[in-house]
>>> print(open('start.cif').read())   # mmCIF, C-alpha atoms and all ligand atoms
data_work
#
loop_
_atom_site.label_atom_id
_atom_site.label_comp_id
_atom_site.auth_asym_id
_atom_site.auth_seq_id
_atom_site.Cartn_x
_atom_site.Cartn_y
_atom_site.Cartn_z
CA MET A 1264 20.23 -15.83 -15.91
CA THR A 1265 17.85 -17.42 -18.41
CA PRO A 1266 14.11 -16.69 -18.08
CA GLU A 1267 13.65 -20.32 -16.93
CA ALA A 1268 16.33 -19.95 -14.22
CA ARG A 1269 14.57 -16.80 -12.97
CA VAL A 1270 11.34 -18.79 -12.63
CA ALA A 1271 13.24 -21.51 -10.73
CA ALA A 1272 14.66 -18.87 -8.36
CA ALA A 1273 11.18 -17.39 -7.80
CA ILE A 1274 9.90 -20.90 -6.95
CA ASP A 1275 12.60 -21.34 -4.26
CA ILE A 1276 11.92 -17.88 -2.78
CA LEU A 1277 8.14 -18.43 -2.79
CA ASP A 1278 8.60 -21.72 -0.91
CA LEU A 1279 10.45 -19.83 1.83
CA ILE A 1280 7.70 -17.18 1.99
CA LEU A 1281 4.96 -19.82 2.11
CA GLY A 1282 6.95 -21.37 4.98
CA GLY A 1283 6.59 -18.15 6.95
CA GLU A 1284 9.58 -16.00 5.95
CA PRO A 1285 8.80 -12.33 5.18
CA ALA A 1286 9.01 -11.66 1.41
CA GLU A 1287 11.61 -8.86 1.64
CA LYS A 1288 13.85 -10.98 3.86
CA ALA A 1289 13.60 -13.99 1.54
CA LEU A 1290 14.40 -11.84 -1.53
CA THR A 1291 17.36 -10.12 0.15
CA ALA A 1292 18.81 -13.40 1.42
CA TRP A 1293 18.49 -14.92 -2.05
CA ALA A 1294 20.24 -11.93 -3.66
CA ARG A 1295 23.10 -12.16 -1.12
CA ARG A 1296 23.81 -15.79 -1.85
CA SER A 1297 23.32 -15.38 -5.63
CA ARG A 1298 26.07 -12.92 -6.58
CA PHE A 1299 25.85 -14.12 -10.19
CA ALA A 1300 22.44 -12.43 -10.51
CA GLY A 1301 22.40 -8.99 -12.13
CA SER A 1302 20.02 -6.14 -11.35
CA GLY A 1303 17.71 -7.18 -14.22
CA ASP A 1304 17.54 -10.73 -12.84
CA ARG A 1305 16.75 -9.47 -9.33
CA ALA A 1306 14.04 -7.12 -10.60
CA THR A 1307 12.36 -9.83 -12.70
CA ILE A 1308 12.48 -12.39 -9.88
CA ARG A 1309 11.01 -9.83 -7.49
CA ASP A 1310 8.19 -9.16 -9.95
CA HIS A 1311 7.52 -12.91 -10.27
CA VAL A 1312 7.36 -13.27 -6.48
CA PHE A 1313 5.07 -10.30 -5.86
CA ASP A 1314 2.80 -11.20 -8.82
CA ALA A 1315 2.45 -14.69 -7.32
CA LEU A 1316 1.67 -13.31 -3.85
CA ARG A 1317 -1.03 -10.98 -5.21
CA CYS A 1318 -2.72 -13.92 -6.96
CA ARG A 1319 -1.82 -16.60 -4.44
CA ARG A 1320 -5.23 -18.32 -4.29
CA SER A 1321 -6.13 -18.23 -7.97
CA HIS A 1322 -2.68 -19.18 -9.19
CA ALA A 1323 -2.49 -22.05 -6.70
CA ALA A 1324 -5.86 -23.23 -8.04
CA LEU A 1325 -4.63 -22.99 -11.64
CA GLY A 1326 -1.29 -24.62 -10.84
CA GLY A 1327 -2.81 -27.35 -8.68
CA ALA A 1328 -0.75 -26.67 -5.51
CA GLU A 1329 -0.09 -23.86 -3.04
CA THR A 1330 3.69 -24.20 -3.42
CA GLY A 1331 6.27 -22.08 -5.20
CA ARG A 1332 6.09 -24.46 -8.14
CA GLY A 1333 2.27 -24.50 -8.17
CA LEU A 1334 2.13 -20.69 -8.05
CA MET A 1335 4.59 -20.21 -10.91
CA LEU A 1336 2.87 -22.90 -12.97
CA GLY A 1337 -0.45 -21.16 -12.29
CA ALA A 1338 1.04 -17.79 -13.29
CA LEU A 1339 2.17 -19.17 -16.65
CA ILE A 1340 -1.22 -20.80 -17.26
CA ALA A 1341 -3.00 -17.53 -16.33
CA ALA A 1342 -0.75 -15.61 -18.76
CA GLY A 1343 -1.57 -18.08 -21.56
CA GLN A 1344 2.07 -19.23 -21.85
CA ASP A 1345 3.06 -22.85 -22.43
CA PRO A 1346 4.61 -24.03 -19.11
CA ALA A 1347 6.34 -26.95 -20.87
CA GLY A 1348 8.67 -24.39 -22.49
CA VAL A 1349 9.76 -23.18 -19.04
CA PHE A 1350 9.62 -26.35 -16.91
CA THR A 1351 12.22 -28.12 -19.07
CA GLY A 1352 14.68 -29.43 -16.48
CA GLN A 1353 17.50 -28.13 -18.71
CA GLY A 1354 20.29 -26.06 -17.17
CA HIS A 1355 18.84 -24.16 -14.20
CA ALA A 1356 15.20 -24.47 -15.34
CA PRO A 1357 12.58 -26.04 -13.04
CA ALA A 1358 12.07 -29.82 -13.33
CA PRO A 1359 9.86 -31.00 -16.20
CA LEU A 1360 6.07 -31.12 -15.73
CA SER A 1361 4.55 -34.21 -14.12
CA ALA A 1362 1.69 -35.90 -15.98
CA ALA A 1363 -0.86 -34.14 -13.73
CA GLU A 1364 0.79 -30.74 -14.26
CA ALA A 1365 0.95 -31.31 -18.02
CA GLY A 1366 -2.76 -32.12 -17.91
CA ARG A 1367 -3.53 -28.80 -16.22
CA ALA A 1368 -1.29 -26.96 -18.68
CA ALA A 1369 -3.23 -28.52 -21.55
CA THR A 1370 -6.61 -27.43 -20.11
CA ALA A 1371 -7.99 -24.07 -21.22
CA PRO A 1372 -7.49 -21.44 -18.41
CA ASP A 1373 -11.20 -20.55 -18.67
CA THR A 1374 -12.15 -24.15 -17.87
CA LEU A 1375 -9.87 -24.15 -14.79
CA SER A 1376 -11.14 -20.70 -13.70
CA ALA A 1377 -14.78 -21.79 -14.04
CA ALA A 1378 -14.19 -24.34 -11.25
CA MET A 1379 -13.11 -21.59 -8.79
CA THR A 1380 -15.33 -19.92 -6.20
CA GLU A 1381 -15.76 -16.15 -6.62
CA ALA A 1382 -13.53 -15.47 -3.59
CA GLU A 1383 -10.84 -17.74 -5.03
CA ALA A 1384 -11.01 -16.07 -8.45
CA CYS A 1385 -10.86 -12.65 -6.75
CA ASP A 1386 -7.92 -13.71 -4.53
CA ILE A 1387 -9.67 -12.86 -1.27
CA PRO A 1388 -9.66 -15.26 1.73
CA ASP A 1389 -12.98 -17.07 2.26
CA TRP A 1390 -13.49 -15.75 5.81
CA LEU A 1391 -13.22 -12.16 4.54
CA TRP A 1392 -15.28 -12.42 1.34
CA PRO A 1393 -18.73 -11.77 2.95
CA GLN A 1394 -17.40 -8.62 4.67
CA TRP A 1395 -15.63 -7.55 1.51
CA GLN A 1396 -18.88 -7.84 -0.46
CA ALA A 1397 -20.92 -6.09 2.25
CA SER A 1398 -18.39 -3.21 2.35
CA LEU A 1399 -17.98 -2.72 -1.40
CA GLY A 1400 -21.34 -3.80 -2.84
CA ASP A 1401 -21.27 -3.88 -6.63
CA ARG A 1402 -17.59 -2.80 -6.64
CA ALA A 1403 -16.46 -5.85 -4.61
CA ALA A 1404 -15.16 -8.00 -7.48
CA GLU A 1405 -13.66 -5.06 -9.41
CA THR A 1406 -11.82 -3.80 -6.29
CA ALA A 1407 -10.49 -7.27 -5.45
CA LYS A 1408 -9.34 -7.86 -9.02
CA LEU A 1409 -7.48 -4.53 -9.13
CA GLN A 1410 -5.51 -5.74 -6.09
CA ARG A 1411 -4.24 -8.61 -8.27
CA SER A 1412 -2.10 -6.33 -10.45
CA ARG A 1413 0.90 -4.10 -9.81
CA ALA A 1414 0.30 -0.63 -8.42
CA PRO A 1415 1.21 2.37 -10.56
CA VAL A 1416 4.19 4.46 -9.39
CA PHE A 1417 3.16 7.93 -8.19
CA LEU A 1418 5.19 10.95 -7.16
CA ARG A 1419 4.10 13.87 -5.01
CA VAL A 1420 5.36 17.26 -6.12
CA ASN A 1421 6.68 19.30 -3.21
CA LEU A 1422 4.85 22.59 -3.80
CA ARG A 1423 7.29 24.34 -1.45
CA ARG A 1424 10.12 23.66 -3.87
CA THR A 1425 8.58 23.53 -7.33
CA SER A 1426 5.45 23.26 -9.47
CA PRO A 1427 4.08 20.10 -11.14
CA ALA A 1428 5.09 21.42 -14.59
CA ALA A 1429 8.66 22.25 -13.51
CA ALA A 1430 9.02 18.91 -11.67
CA THR A 1431 7.82 17.07 -14.77
CA ARG A 1432 10.49 18.83 -16.86
CA ALA A 1433 13.24 18.11 -14.30
CA LEU A 1434 12.26 14.43 -14.23
CA ALA A 1435 12.15 14.24 -18.05
CA ASP A 1436 15.74 15.58 -18.17
CA GLU A 1437 16.72 12.49 -16.15
CA GLY A 1438 14.79 10.03 -18.35
CA ILE A 1439 11.73 9.77 -16.09
CA VAL A 1440 8.40 10.32 -17.81
CA ALA A 1441 5.59 11.46 -15.49
CA ILE A 1442 2.11 12.79 -16.21
CA PRO A 1443 -0.40 14.63 -13.97
CA HIS A 1444 -2.95 12.42 -12.22
CA PRO A 1445 -6.50 13.68 -11.55
CA LEU A 1446 -6.65 12.38 -7.94
CA ALA A 1447 -4.57 15.29 -6.60
CA ASP A 1448 -3.02 18.52 -7.87
CA THR A 1449 0.38 17.31 -6.57
CA ALA A 1450 0.19 13.80 -8.09
CA LEU A 1451 2.28 12.62 -11.04
CA GLU A 1452 2.05 9.10 -12.43
CA VAL A 1453 5.38 7.74 -13.62
CA THR A 1454 4.95 6.01 -16.97
CA GLU A 1455 8.63 5.43 -17.83
CA GLY A 1456 11.91 5.26 -15.94
CA ALA A 1457 10.50 4.42 -12.47
CA ARG A 1458 13.68 2.59 -11.50
CA ARG A 1459 15.68 5.83 -11.97
CA ILE A 1460 13.69 7.82 -9.38
CA ALA A 1461 15.73 7.03 -6.25
CA GLY A 1462 18.97 8.12 -7.96
CA SER A 1463 17.55 11.24 -9.60
CA ALA A 1464 18.48 14.79 -8.59
CA ALA A 1465 14.77 15.74 -8.53
CA TYR A 1466 14.21 13.17 -5.78
CA ARG A 1467 17.45 13.79 -3.86
CA GLU A 1468 16.83 17.55 -3.84
CA GLY A 1469 13.29 17.15 -2.46
CA LEU A 1470 11.34 18.29 -5.52
CA VAL A 1471 9.36 15.03 -5.47
CA GLU A 1472 8.59 12.21 -3.03
CA LEU A 1473 7.18 8.76 -3.70
CA GLN A 1474 3.57 8.74 -2.50
CA ASP A 1475 0.38 7.07 -3.69
CA ALA A 1476 -2.04 9.43 -5.48
CA ALA A 1477 -5.00 8.63 -3.18
CA SER A 1478 -2.78 9.23 -0.15
CA GLN A 1479 -2.11 12.68 -1.64
CA ALA A 1480 -5.85 13.17 -2.19
CA VAL A 1481 -6.38 12.52 1.53
CA THR A 1482 -4.02 15.36 2.44
CA ALA A 1483 -5.59 17.66 -0.14
CA ALA A 1484 -9.02 17.06 1.45
CA LEU A 1485 -7.92 18.01 4.98
CA PRO A 1486 -9.09 21.36 6.39
CA LEU A 1487 -5.57 22.85 6.47
CA ALA A 1488 -4.68 26.55 6.76
CA ASP A 1489 -1.54 28.58 7.39
CA GLY A 1490 -0.74 29.14 11.06
CA MET A 1491 -2.58 26.05 12.36
CA ARG A 1492 -1.23 23.74 15.03
CA VAL A 1493 -1.24 20.26 13.44
CA LEU A 1494 -0.49 16.92 15.09
CA ASP A 1495 0.21 13.82 12.97
CA TYR A 1496 -0.43 11.24 15.70
CA CYS A 1497 0.45 8.05 13.73
CA ALA A 1498 3.14 9.67 11.59
CA GLY A 1499 5.23 6.57 10.74
CA GLY A 1500 7.77 7.55 8.08
CA GLY A 1501 6.08 10.94 7.85
CA GLY A 1502 4.59 10.68 4.36
CA LYS A 1503 1.45 12.60 5.33
CA THR A 1504 3.27 15.06 7.61
CA LEU A 1505 5.45 16.09 4.69
CA ALA A 1506 2.51 16.20 2.28
CA MET A 1507 0.62 18.52 4.66
CA ALA A 1508 3.71 20.65 5.18
CA GLY A 1509 4.04 20.98 1.40
CA ARG A 1510 0.60 22.64 1.33
CA VAL A 1511 0.55 25.12 4.21
CA ARG A 1512 2.87 26.92 6.61
CA ALA A 1513 1.64 25.48 9.87
CA GLY A 1514 3.24 24.20 13.09
CA PHE A 1515 3.70 20.46 12.52
CA THR A 1516 4.21 17.93 15.31
CA ALA A 1517 4.77 14.25 14.51
CA HIS A 1518 4.24 11.34 16.89
CA ASP A 1519 4.18 7.55 16.58
CA ALA A 1520 3.77 4.77 19.16
CA ASN A 1521 6.84 3.18 17.60
CA PRO A 1522 9.57 5.87 17.73
CA ALA A 1523 11.83 3.87 15.38
CA ARG A 1524 9.29 4.41 12.61
CA LEU A 1525 9.94 8.18 12.86
CA ASN A 1526 13.67 7.81 12.15
CA ASP A 1527 13.28 8.65 8.48
CA LEU A 1528 11.18 11.73 9.10
CA LYS A 1529 13.93 14.16 10.13
CA PRO A 1530 16.15 13.63 7.04
CA ARG A 1531 13.09 13.59 4.78
CA ALA A 1532 11.81 16.86 6.31
CA ALA A 1533 15.26 18.43 5.88
CA ARG A 1534 15.35 17.32 2.23
CA ALA A 1535 11.89 18.77 1.66
CA GLY A 1536 12.76 22.00 3.50
CA VAL A 1537 9.90 21.78 6.01
CA PRO A 1538 10.15 22.20 9.80
CA VAL A 1539 8.61 19.35 11.84
CA THR A 1540 8.78 18.75 15.61
CA VAL A 1541 9.02 15.07 16.55
CA THR A 1542 7.76 14.11 20.00
CA ALA A 1543 7.01 11.03 22.12
CA ARG A 1544 4.47 13.00 24.21
CA PRO A 1545 2.32 15.51 22.35
CA GLU A 1546 1.29 18.37 24.63
CA GLY A 1547 -1.38 21.03 24.37
CA ARG A 1548 -4.24 21.21 21.93
CA PHE A 1549 -4.18 21.18 18.14
CA ASP A 1550 -6.43 22.62 15.44
CA LEU A 1551 -6.04 19.44 13.42
CA VAL A 1552 -5.10 15.98 14.69
CA LEU A 1553 -4.50 13.46 11.92
CA CYS A 1554 -4.90 9.80 12.89
CA ASP A 1555 -3.66 7.70 9.96
CA VAL A 1556 -4.30 4.61 12.04
CA PRO A 1557 -2.82 1.12 11.74
CA CYS A 1558 -5.22 -0.94 9.61
CA SER A 1559 -5.59 -4.09 7.52
CA GLY A 1560 -4.10 -2.26 4.52
CA SER A 1561 -6.86 -3.83 2.42
CA GLY A 1562 -6.83 -0.76 0.15
CA SER A 1563 -3.15 -1.25 -0.66
CA TRP A 1564 -2.77 -5.00 -0.92
CA ARG A 1565 -1.43 -4.69 -4.46
CA ARG A 1566 1.65 -2.99 -2.92
CA ALA A 1567 1.90 -5.26 0.12
CA PRO A 1568 0.16 -8.51 -0.90
CA GLU A 1569 1.49 -10.57 2.01
CA GLY A 1570 -0.87 -8.68 4.33
CA LYS A 1571 -3.87 -10.16 2.52
CA TRP A 1572 -2.91 -13.69 3.54
CA LEU A 1573 -1.60 -12.87 7.03
CA LEU A 1574 -4.78 -11.10 8.17
CA ASP A 1575 -7.30 -13.20 10.11
CA ARG A 1576 -10.56 -12.51 11.92
CA ASP A 1577 -8.91 -12.00 15.33
CA GLY A 1578 -6.29 -9.71 13.83
CA LEU A 1579 -8.96 -7.58 12.17
CA ASP A 1580 -10.98 -7.37 15.41
CA HIS A 1581 -7.85 -6.29 17.25
CA LEU A 1582 -7.12 -3.58 14.67
CA CYS A 1583 -10.65 -2.21 15.11
CA GLU A 1584 -10.10 -2.01 18.89
CA VAL A 1585 -6.79 -0.17 18.40
CA GLN A 1586 -8.43 2.24 15.93
CA SER A 1587 -11.21 3.14 18.38
CA ALA A 1588 -8.70 3.48 21.22
CA ILE A 1589 -6.61 5.93 19.15
CA LEU A 1590 -9.69 8.06 18.42
CA ASP A 1591 -10.65 8.07 22.12
CA ARG A 1592 -7.10 9.01 23.15
CA THR A 1593 -6.65 11.82 20.64
CA ALA A 1594 -10.09 13.47 20.93
CA PRO A 1595 -9.03 15.51 24.02
CA MET A 1596 -5.99 16.81 22.08
CA VAL A 1597 -8.25 18.63 19.60
CA ALA A 1598 -8.90 22.32 20.30
CA GLU A 1599 -12.47 23.61 20.40
CA GLY A 1600 -13.74 23.95 16.83
CA GLY A 1601 -10.84 21.78 15.64
CA THR A 1602 -10.81 18.58 13.55
CA LEU A 1603 -9.91 14.99 14.26
CA ALA A 1604 -9.13 13.46 10.86
CA TYR A 1605 -9.52 9.68 10.86
CA VAL A 1606 -7.75 7.92 7.97
CA THR A 1607 -7.29 4.30 6.92
CA CYS A 1608 -5.99 2.60 3.80
CA SER A 1609 -8.72 0.02 4.23
CA VAL A 1610 -11.85 -0.62 2.16
CA LEU A 1611 -13.64 -2.48 4.97
CA ASN A 1612 -16.60 -0.86 6.73
CA CYS A 1613 -15.60 -2.29 10.11
CA GLU A 1614 -12.41 -0.17 10.00
CA ASN A 1615 -14.07 2.90 8.46
CA ASP A 1616 -17.69 4.01 8.94
CA ASP A 1617 -18.24 1.59 11.87
CA ARG A 1618 -15.35 3.12 13.85
CA VAL A 1619 -16.65 6.63 13.14
CA ALA A 1620 -20.19 5.64 14.19
CA ASP A 1621 -18.87 4.17 17.46
CA PHE A 1622 -16.87 7.32 18.13
CA LEU A 1623 -19.81 9.64 17.47
CA SER A 1624 -22.16 7.63 19.67
CA ALA A 1625 -19.68 7.87 22.58
CA HIS A 1626 -18.74 11.56 22.02
CA PRO A 1627 -21.85 13.75 21.81
CA GLY A 1628 -19.88 16.99 21.28
CA TRP A 1629 -18.68 15.87 17.85
CA ARG A 1630 -20.04 15.60 14.31
CA GLN A 1631 -18.75 14.27 10.99
CA ALA A 1632 -18.03 17.35 8.87
CA ALA A 1633 -16.77 15.48 5.80
CA ARG A 1634 -16.35 11.90 4.59
CA HIS A 1635 -14.38 10.68 1.56
CA GLN A 1636 -13.59 7.27 0.18
CA TRP A 1637 -11.19 6.45 -2.65
CA LEU A 1638 -11.11 2.98 -4.21
CA PRO A 1639 -8.39 1.40 -6.37
CA GLY A 1640 -10.78 1.87 -9.31
CA ASP A 1641 -10.18 5.63 -8.92
CA GLY A 1642 -6.51 5.06 -9.79
CA GLY A 1643 -4.66 5.05 -6.46
CA ASP A 1644 -4.88 2.87 -3.36
CA GLY A 1645 -8.07 2.50 -1.34
CA PHE A 1646 -8.32 5.20 1.36
CA PHE A 1647 -10.97 6.42 3.79
CA LEU A 1648 -11.12 9.85 5.46
CA SER A 1649 -13.59 11.11 8.04
CA CYS A 1650 -13.21 14.68 9.34
CA LEU A 1651 -14.69 14.75 12.85
CA LYS A 1652 -15.32 18.24 14.12
CA ARG A 1653 -15.38 19.24 17.75
CA ARG A 1654 -18.05 21.79 18.56
CA GLY A 1655 -16.59 25.19 19.37
C1 LIG B 1701 -0.68 3.62 8.49
S1 LIG B 1701 0.77 3.82 9.38
C2 LIG B 1701 1.10 5.54 9.23
C3 LIG B 1701 1.67 5.94 7.89
C4 LIG B 1701 2.08 7.41 7.81
N1 LIG B 1701 1.05 8.30 8.26
C5 LIG B 1701 2.49 7.82 6.40
O1 LIG B 1701 1.72 8.45 5.68
O2 LIG B 1701 3.62 7.48 6.03
C6 LIG B 1701 0.22 3.70 11.03
C7 LIG B 1701 1.24 4.06 12.09
O3 LIG B 1701 0.57 4.03 13.35
C8 LIG B 1701 1.51 3.67 14.34
N2 LIG B 1701 0.74 3.24 15.52
C9 LIG B 1701 0.25 2.01 15.83
N3 LIG B 1701 -0.42 2.04 16.99
C10 LIG B 1701 -0.37 3.32 17.44
C11 LIG B 1701 -0.86 3.98 18.59
N4 LIG B 1701 -1.56 3.33 19.52
N5 LIG B 1701 -0.59 5.30 18.72
C12 LIG B 1701 0.12 5.97 17.79
N6 LIG B 1701 0.63 5.38 16.68
C13 LIG B 1701 0.37 4.09 16.50
C14 LIG B 1701 2.35 2.61 13.68
O4 LIG B 1701 3.61 2.50 14.31
C15 LIG B 1701 2.43 3.12 12.24
O5 LIG B 1701 3.60 3.85 12.03
#
>>> encode(input="start.cif", output="C-alpha cells")
Amino acid sequence: MTPEARVAAAIDILDLILGGEPAEKALTAWARRSRFAGSGDRATIRDHVFDALRCRRSHAALGGAETGRGLMLGALIAAGQDPAGVFTGQGHAPAPLSAAEAGRAATAPDTLSAAMTEAEACDIPDWLWPQWQASLGDRAAETAKLQRSRAPVFLRVNLRRTSPAAATRALADEGIVAIPHPLADTALEVTEGARRIAGSAAYREGLVELQDAASQAVTAALPLADGMRVLDYCAGGGGKTLAMAGRVRAGFTAHDANPARLNDLKPRAARAGVPVTVTARPEGRFDLVLCDVPCSGSGSWRRAPEGKWLLDRDGLDHLCEVQSAILDRTAPMVAEGGTLAYVTCSVLNCENDDRVADFLSAHPGWRQAARHQWLPGDGGDGFFLSCLKRRG
C-alpha cells in the first residue's frame, strides 16, 4: 500500500471508532477484509489510528472536524507535513482537500494551536480538566502531553529464571536491544526490535514478560518476604502476581471478580515457573492483600487512549465507589500486622488519596505505612500505591 492509501484506511477505521466501535475490533475487521495489506501496512495503519486517538481533541481542532478525515488532516498539520501531498485523490489516496481544508493546511500550526483552550491542547476532556489540574498541580500539562505520545516498550526480567544482564544478552542474540531502566531493578526498556519480542525464545521460555516499568516499581515497593501468604485480589491477567512471584518464594493466591480474566494466568505462571493458586473464593487471612483496583486508567491513556474519551463524570464516580467497596471487602482478609496494598494506574486524587482517606476514617485500626506515586514523566505509566497496615 502507498503511504496515502494507508492514511485513507486509517480514516475509514477512525470513522468506525468514532461511531462507537472498539478500536481493536475495527482494526481486526479491517485487516480481515483487506488481505492485500502486509504486516508493515497493518502496523503503520494501527500507529496512525492510535496516534489519532491519543490526540483526538487537538487533531480535530487542527483538522477542523472530529471525523477520521479531520483527525488525519490534523495529524499531518501537527507533524508539519503538507496535507495536499497526501490528500490527492489519486489511486487509493483520500479525496483532495476542500477549499476550507486547504486554508487550514496553509495556516501555521502555531496559529491554529493558539486558538485552542488549554484542555483542548492537552487532549483532556473539558469536564475532567479542573480535576486533572487539582490532582497534578504544576505537572498537569506535562502529564497530559506525555499521554499524547506512544508509550515505551518495557520488559520485566524474571529473576527466578535469569538476571537482567543475561536477559539483555539473550534478547540481543535475537535482534532485540534492551537497556536497564531506573524505575525498577527488573525493568528493561526495548529500544530496537520490539516487534520481535512475542516470537523470541527469551519471551517464550519465561525469561522476560511485557510489563510497564512503573508497574514493576509498584511490585518492588511492596513489603514482600519469603514465606508470606499473598492474595492478589484483582489479579486480571496476573501481571502483578507473576512480578511478585519473581521476587519472593511466597504462597500466592489470585482472584478476580471476572474469572475469564484469569484464564491467561495459569499458562503464564507455568511459563515463568512460579506456583499460583487461582480461586473464586479466597479463604483465610493473608499477610499481604494486593488490590490493583479497576480505575480510570488515566495514568496509562497513552497505551489505551480510547478510555480517555469514554470516561465521564458518572463513570468516574462509579469507579470510586467500586474502589472503596473493594477496600472494605478485603480489609478483613488481612492478618493482624499485615498490609492491604491499594494500587491504581490513575493520576486522579479522587481515585487515590481520597479513597485512602475515606478508608482510614472508617477503619480506625489501620494506618498508611507507605505511599508512592509515579507519573509518566518518571518514564513509565502513572501509578499510585498506598500500603495500609493493620495494627497487630
Ligand atoms: C487494573 S485490573 C488488574 C490488572 C492486574 N493486576 C495486572 O497487573 O495485570 C483490575 C481488575 O479488577 C477486576 N475487578 C473489577 N471489580 C472487581 C471486584 N469487585 N473484585 C475483584 N476484582 C475486580 C477486573 O476484572 C480487572 O481484572
>>> closest_atom_pairs(input="start.cif", of="segment 1407-1525 of chain A", to="segment 1579-1598 of chain A", cutoff="12 Å", atoms="all atoms listed in the file", output="JSON lines")
{"residue": "A:Met1491", "atom": "CA", "partner": "A:Ala1598", "partner_atom": "CA", "distance": 10.8}
{"residue": "A:Arg1492", "atom": "CA", "partner": "A:Ala1598", "partner_atom": "CA", "distance": 9.4}
{"residue": "A:Val1493", "atom": "CA", "partner": "A:Val1597", "partner_atom": "CA", "distance": 9.5}
{"residue": "A:Leu1494", "atom": "CA", "partner": "A:Met1596", "partner_atom": "CA", "distance": 8.9}
{"residue": "A:Asp1495", "atom": "CA", "partner": "A:Thr1593", "partner_atom": "CA", "distance": 10.5}
{"residue": "A:Tyr1496", "atom": "CA", "partner": "A:Thr1593", "partner_atom": "CA", "distance": 8.0}
{"residue": "A:Cys1497", "atom": "CA", "partner": "A:Ile1589", "partner_atom": "CA", "distance": 9.1}
{"residue": "A:His1518", "atom": "CA", "partner": "A:Thr1593", "partner_atom": "CA", "distance": 11.5}
{"residue": "A:Asp1519", "atom": "CA", "partner": "A:Ile1589", "partner_atom": "CA", "distance": 11.2}
{"residue": "A:Ala1520", "atom": "CA", "partner": "A:Ile1589", "partner_atom": "CA", "distance": 10.4}
>>> closest_atom_pairs(input="start.cif", of="chain A", to="ligand LIG 1701 (chain B)", cutoff="9 Å", atoms="only C-alpha atoms and all ligand atoms", output="CSV")
residue,atom,partner,partner_atom,distance
A:Gln1474,CA,B:LIG1701,O1,8.4
A:Ser1478,CA,B:LIG1701,O1,7.4
A:Asp1495,CA,B:LIG1701,N1,7.3
A:Tyr1496,CA,B:LIG1701,C12,5.7
A:Cys1497,CA,B:LIG1701,N6,4.0
A:Ala1498,CA,B:LIG1701,N1,4.2
A:Gly1499,CA,B:LIG1701,O5,3.4
A:Gly1500,CA,B:LIG1701,O2,4.6
A:Gly1501,CA,B:LIG1701,O2,4.6
A:Gly1502,CA,B:LIG1701,O2,3.7
A:Lys1503,CA,B:LIG1701,O1,4.2
A:Thr1504,CA,B:LIG1701,O1,7.1
A:Leu1505,CA,B:LIG1701,O1,8.6
A:Ala1506,CA,B:LIG1701,O1,8.5
A:His1518,CA,B:LIG1701,C12,6.8
A:Asp1519,CA,B:LIG1701,N6,4.2
A:Ala1520,CA,B:LIG1701,N6,4.0
A:Asn1521,CA,B:LIG1701,O4,4.7
A:Pro1522,CA,B:LIG1701,O4,7.7
A:Ala1523,CA,B:LIG1701,O4,8.4
A:Arg1524,CA,B:LIG1701,O5,5.7
A:Leu1525,CA,B:LIG1701,O5,7.7
A:Leu1553,CA,B:LIG1701,N1,8.4
A:Cys1554,CA,B:LIG1701,N1,7.7
A:Asp1555,CA,B:LIG1701,N1,5.0
A:Val1556,CA,B:LIG1701,C6,4.7
A:Pro1557,CA,B:LIG1701,C6,4.0
A:Cys1558,CA,B:LIG1701,C1,6.5
A:Gly1560,CA,B:LIG1701,C1,7.9
A:Val1585,CA,B:LIG1701,N4,6.4
A:Gln1586,CA,B:LIG1701,N4,7.8
A:Ala1588,CA,B:LIG1701,N4,7.3
A:Ile1589,CA,B:LIG1701,N4,5.7
A:Arg1592,CA,B:LIG1701,N5,8.7
A:Val1606,CA,B:LIG1701,C1,8.3
A:Thr1607,CA,B:LIG1701,C1,6.8
A:Cys1608,CA,B:LIG1701,C1,7.2
>>> atom_distance(input="start.cif", atom1="atom CA of Leu1279 of chain A", atom2="atom CA of Asp1389 of chain A")
23.6 Å
>>> closest_residue(input="start.cif", among="A:Thr1482, A:Ala1632, A:Leu1418, A:Glu1614", to="Ala1461 of chain A", atoms="only C-alpha atoms")
A:Leu1418
>>> residues_around(input="start.cif", residues="Pro1445 of chain A", least_positions_apart="3", cutoff="12 Å", atoms="all atoms listed in the file", output="PDB file with C-alpha atoms, in the frame of the given file")
ATOM      1  CA  PHE A1417       3.160   7.930  -8.190  1.00  0.00           C
ATOM      2  CA  ILE A1442       2.110  12.790 -16.210  1.00  0.00           C
ATOM      3  CA  ASP A1448      -3.020  18.520  -7.870  1.00  0.00           C
ATOM      4  CA  THR A1449       0.380  17.310  -6.570  1.00  0.00           C
ATOM      5  CA  ALA A1450       0.190  13.800  -8.090  1.00  0.00           C
ATOM      6  CA  LEU A1451       2.280  12.620 -11.040  1.00  0.00           C
ATOM      7  CA  GLU A1452       2.050   9.100 -12.430  1.00  0.00           C
ATOM      8  CA  ALA A1476      -2.040   9.430  -5.480  1.00  0.00           C
ATOM      9  CA  ALA A1477      -5.000   8.630  -3.180  1.00  0.00           C
ATOM     10  CA  GLN A1479      -2.110  12.680  -1.640  1.00  0.00           C
ATOM     11  CA  ALA A1480      -5.850  13.170  -2.190  1.00  0.00           C
ATOM     12  CA  ASP A1641     -10.180   5.630  -8.920  1.00  0.00           C
ATOM     13  CA  GLY A1642      -6.510   5.060  -9.790  1.00  0.00           C
ATOM     14  CA  GLY A1643      -4.660   5.050  -6.460  1.00  0.00           C
TER      15      GLY A1643
END
>>> atom_distance(input="start.cif", atom1="atom CA of Pro1545 of chain A", atom2="atom CA of Leu1487 of chain A")
19.2 Å
